[in-house]
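*Asks:* This is the structure, below, for whatever I ask next.
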Amino acid sequence: MSSSVSAQPAAEPRWRRLGPDERRTAILTAGIRAFGEQPYSAVQMAAVAADAGVARGLVNHYFGTKRELYLDVVRAVMFVPEPDEVHLPTGTLRRRVEATVDWLMTVLAAHGRTWLAVGADGAGGDPEVRAILDEADHKAAERVLDAVGFTGSVTERANALAAVRAYGGMVKAAVREWVDRGSLTQDQVRSLLCDALVVVLETAIGSR
């Protein structure tokens, strides 16, 4: 999800000119950058505050401890929006899939390293982080099925959800090839993810 002493207004600390919502957003954005660029142990709350342009105490005011900020960063970068926030087009399955993947690629282009750090690498043995990631994976799969208008029995939907969650593992691997290794371009990853998701959904729908 980044002055010198003077009588002029520009010398006033930036945080004093931000409203509460703007301050929280600025801190969260700085946290997303920090945890994407450094291991958890290296992230300093004072540095996050400086990057956000706020007083150090405001980081604790809005987010509490470093761990609590980290958990909010995980939630911010891993959860997909509700279907009505994505504005998916009507039409063919392919068009809907492309719109879904295009939204994902926009997020990854901005926060790909953080998404990988917390989504693929960040769980470790932490049960709270693992629970957030599992919930995010499940909700993302539900929203994909809702976006394409999947209908079916409880059992059929459960099977389709499992297939989309499995596809999520491929997403993380493909993004690593793009963001970390540079072995695939953004356009190649988009094409790969669209093609694969169409096959997954056609198989799930066709098996009903």
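Labels for the structure tokens follow display order: chains A, B, ..., residues from 1 in each chain, ligands from 1.
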I want to know what sits within 10 Å of Asp195 of chain A, based on only C-alpha atoms, with residues of the same chain fewer than 6 positions away left out; could you give that as a list in words?
*Replies:*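 Selected residues are Arg94, Val97, Glu98 and Val189 of chain A.
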*Asks:* Give me the residues near segment 197-203 of chain A as a list in words, where near means some atom within 8 Å (using only C-alpha atoms) and where sequence neighbours in that chain fewer than 5 positions away do not count.
*Replies:*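 The neighbour list is Leu93, Arg94, Val97, Ala160, Ala163, Val164 and Tyr167 of chain A.
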*Asks:* Keeping only N, CA, C and O atoms, take the residues you just selected and write them out as a PDB file, in the first residue's frame.
*Replies:*
ATOM      1  N   LEU A  93     -17.193 -14.429 -19.820  1.00  0.00           N
ATOM      2  CA  LEU A  93     -16.341 -14.810 -18.707  1.00  0.00           C
ATOM      3  C   LEU A  93     -14.940 -14.204 -18.882  1.00  0.00           C
ATOM      4  O   LEU A  93     -14.342 -13.704 -17.926  1.00  0.00           O
ATOM      5  N   ARG A  94     -14.431 -14.221 -20.098  1.00  0.00           N
ATOM      6  CA  ARG A  94     -13.092 -13.692 -20.366  1.00  0.00           C
ATOM      7  C   ARG A  94     -13.012 -12.214 -19.998  1.00  0.00           C
ATOM      8  O   ARG A  94     -12.036 -11.773 -19.380  1.00  0.00           O
ATOM      9  N   VAL A  97     -12.958 -11.860 -16.224  1.00  0.00           N
ATOM     10  CA  VAL A  97     -11.668 -12.310 -15.702  1.00  0.00           C
ATOM     11  C   VAL A  97     -10.594 -11.246 -15.951  1.00  0.00           C
ATOM     12  O   VAL A  97      -9.806 -10.914 -15.059  1.00  0.00           O
ATOM     13  N   ALA A 160     -15.490 -25.178  -6.196  1.00  0.00           N
ATOM     14  CA  ALA A 160     -15.022 -24.067  -7.018  1.00  0.00           C
ATOM     15  C   ALA A 160     -14.131 -23.119  -6.196  1.00  0.00           C
ATOM     16  O   ALA A 160     -13.111 -22.626  -6.692  1.00  0.00           O
ATOM     17  N   ALA A 163     -10.714 -24.573  -5.943  1.00  0.00           N
ATOM     18  CA  ALA A 163      -9.961 -24.428  -7.192  1.00  0.00           C
ATOM     19  C   ALA A 163      -9.394 -23.016  -7.330  1.00  0.00           C
ATOM     20  O   ALA A 163      -8.237 -22.831  -7.739  1.00  0.00           O
ATOM     21  N   VAL A 164     -10.181 -21.999  -6.978  1.00  0.00           N
ATOM     22  CA  VAL A 164      -9.706 -20.613  -7.086  1.00  0.00           C
ATOM     23  C   VAL A 164      -8.625 -20.332  -6.042  1.00  0.00           C
ATOM     24  O   VAL A 164      -7.658 -19.616  -6.316  1.00  0.00           O
ATOM     25  N   TYR A 167      -5.507 -21.603  -7.402  1.00  0.00           N
ATOM     26  CA  TYR A 167      -5.035 -20.645  -8.402  1.00  0.00           C
ATOM     27  C   TYR A 167      -4.252 -19.516  -7.725  1.00  0.00           C
ATOM     28  O   TYR A 167      -3.268 -19.007  -8.279  1.00  0.00           O
TER      29      TYR A 167
END
*Asks:* Please identify which residues in segment 166-195 of chain A DSSP calls helix (DSSP H, G or I) from the backbone, and express them as a ChimeraX atom specification.
*Replies:* /A:166-179,186-195
*Asks:* Could you make a table, as a tab-separated table, of the residues of segment 68-163 of chain A that have an atom within 12 Å of an atom of segment 56-62 of chain A, each with its nearest atom pair and distance in Å to one decimal, counting only C-alpha atoms, in chain and number order?
*Replies:*
residue	atom	partner	partner_atom	distance
A:Glu68	CA	A:Asn60	CA	9.2
A:Leu69	CA	A:Val59	CA	8.3
A:Tyr70	CA	A:Val59	CA	11.7
A:Asp72	CA	A:Tyr62	CA	10.7
*Asks:* Using only C-alpha atoms, determine which residues lie at most 12 Å from Ala141 of chain A, disregarding the query and same-chain residues fewer than 2 positions distant; provide the list as a PyMOL selection string.
*Replies:* chain A and resi 79-83+100+134-139+143-148+150+157-169+197+200-201
*Asks:* Out of A:Leu192, A:Val48, A:Val129, A:Ala174, which residue has the shortest atom-to-atom distance to Arg75 of chain A when counting only C-alpha atoms?
*Replies:*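 For Arg75 of chain A, the nearest of the given residues is A:Val129.
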*Asks:* Here is a test: counting only C-alpha atoms, which residue of A:Ile205, A:Ala55, A:Ala47, A:Ala42 is nearest to Gly149 of chain A?
*Replies:* A:Ile205
*Asks:* Suppose you want the space between atom CA of Arg33 of chain A and atom CA of Arg113 of chain A; what is it in Å?
*Replies:*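 If I compute the distance from atom CA of Arg33 of chain A to atom CA of Arg113 of chain A, I get 8.6 Å.
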*Asks:* Please determine, counting only C-alpha atoms, which residue among A:Ala110, A:Val74, A:Met105, A:Ala173 has the shortest atom-to-atom distance to Arg130 of chain A.
*Replies:*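 Ranked by minimum distance to Arg130 of chain A, first place goes to A:Val74.
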*Asks:* Find the distance between atom CA of Ala204 of chain A and atom CA of Arg95 of chain A and write it in Å to one decimal.
*Replies:* 17.4 Å
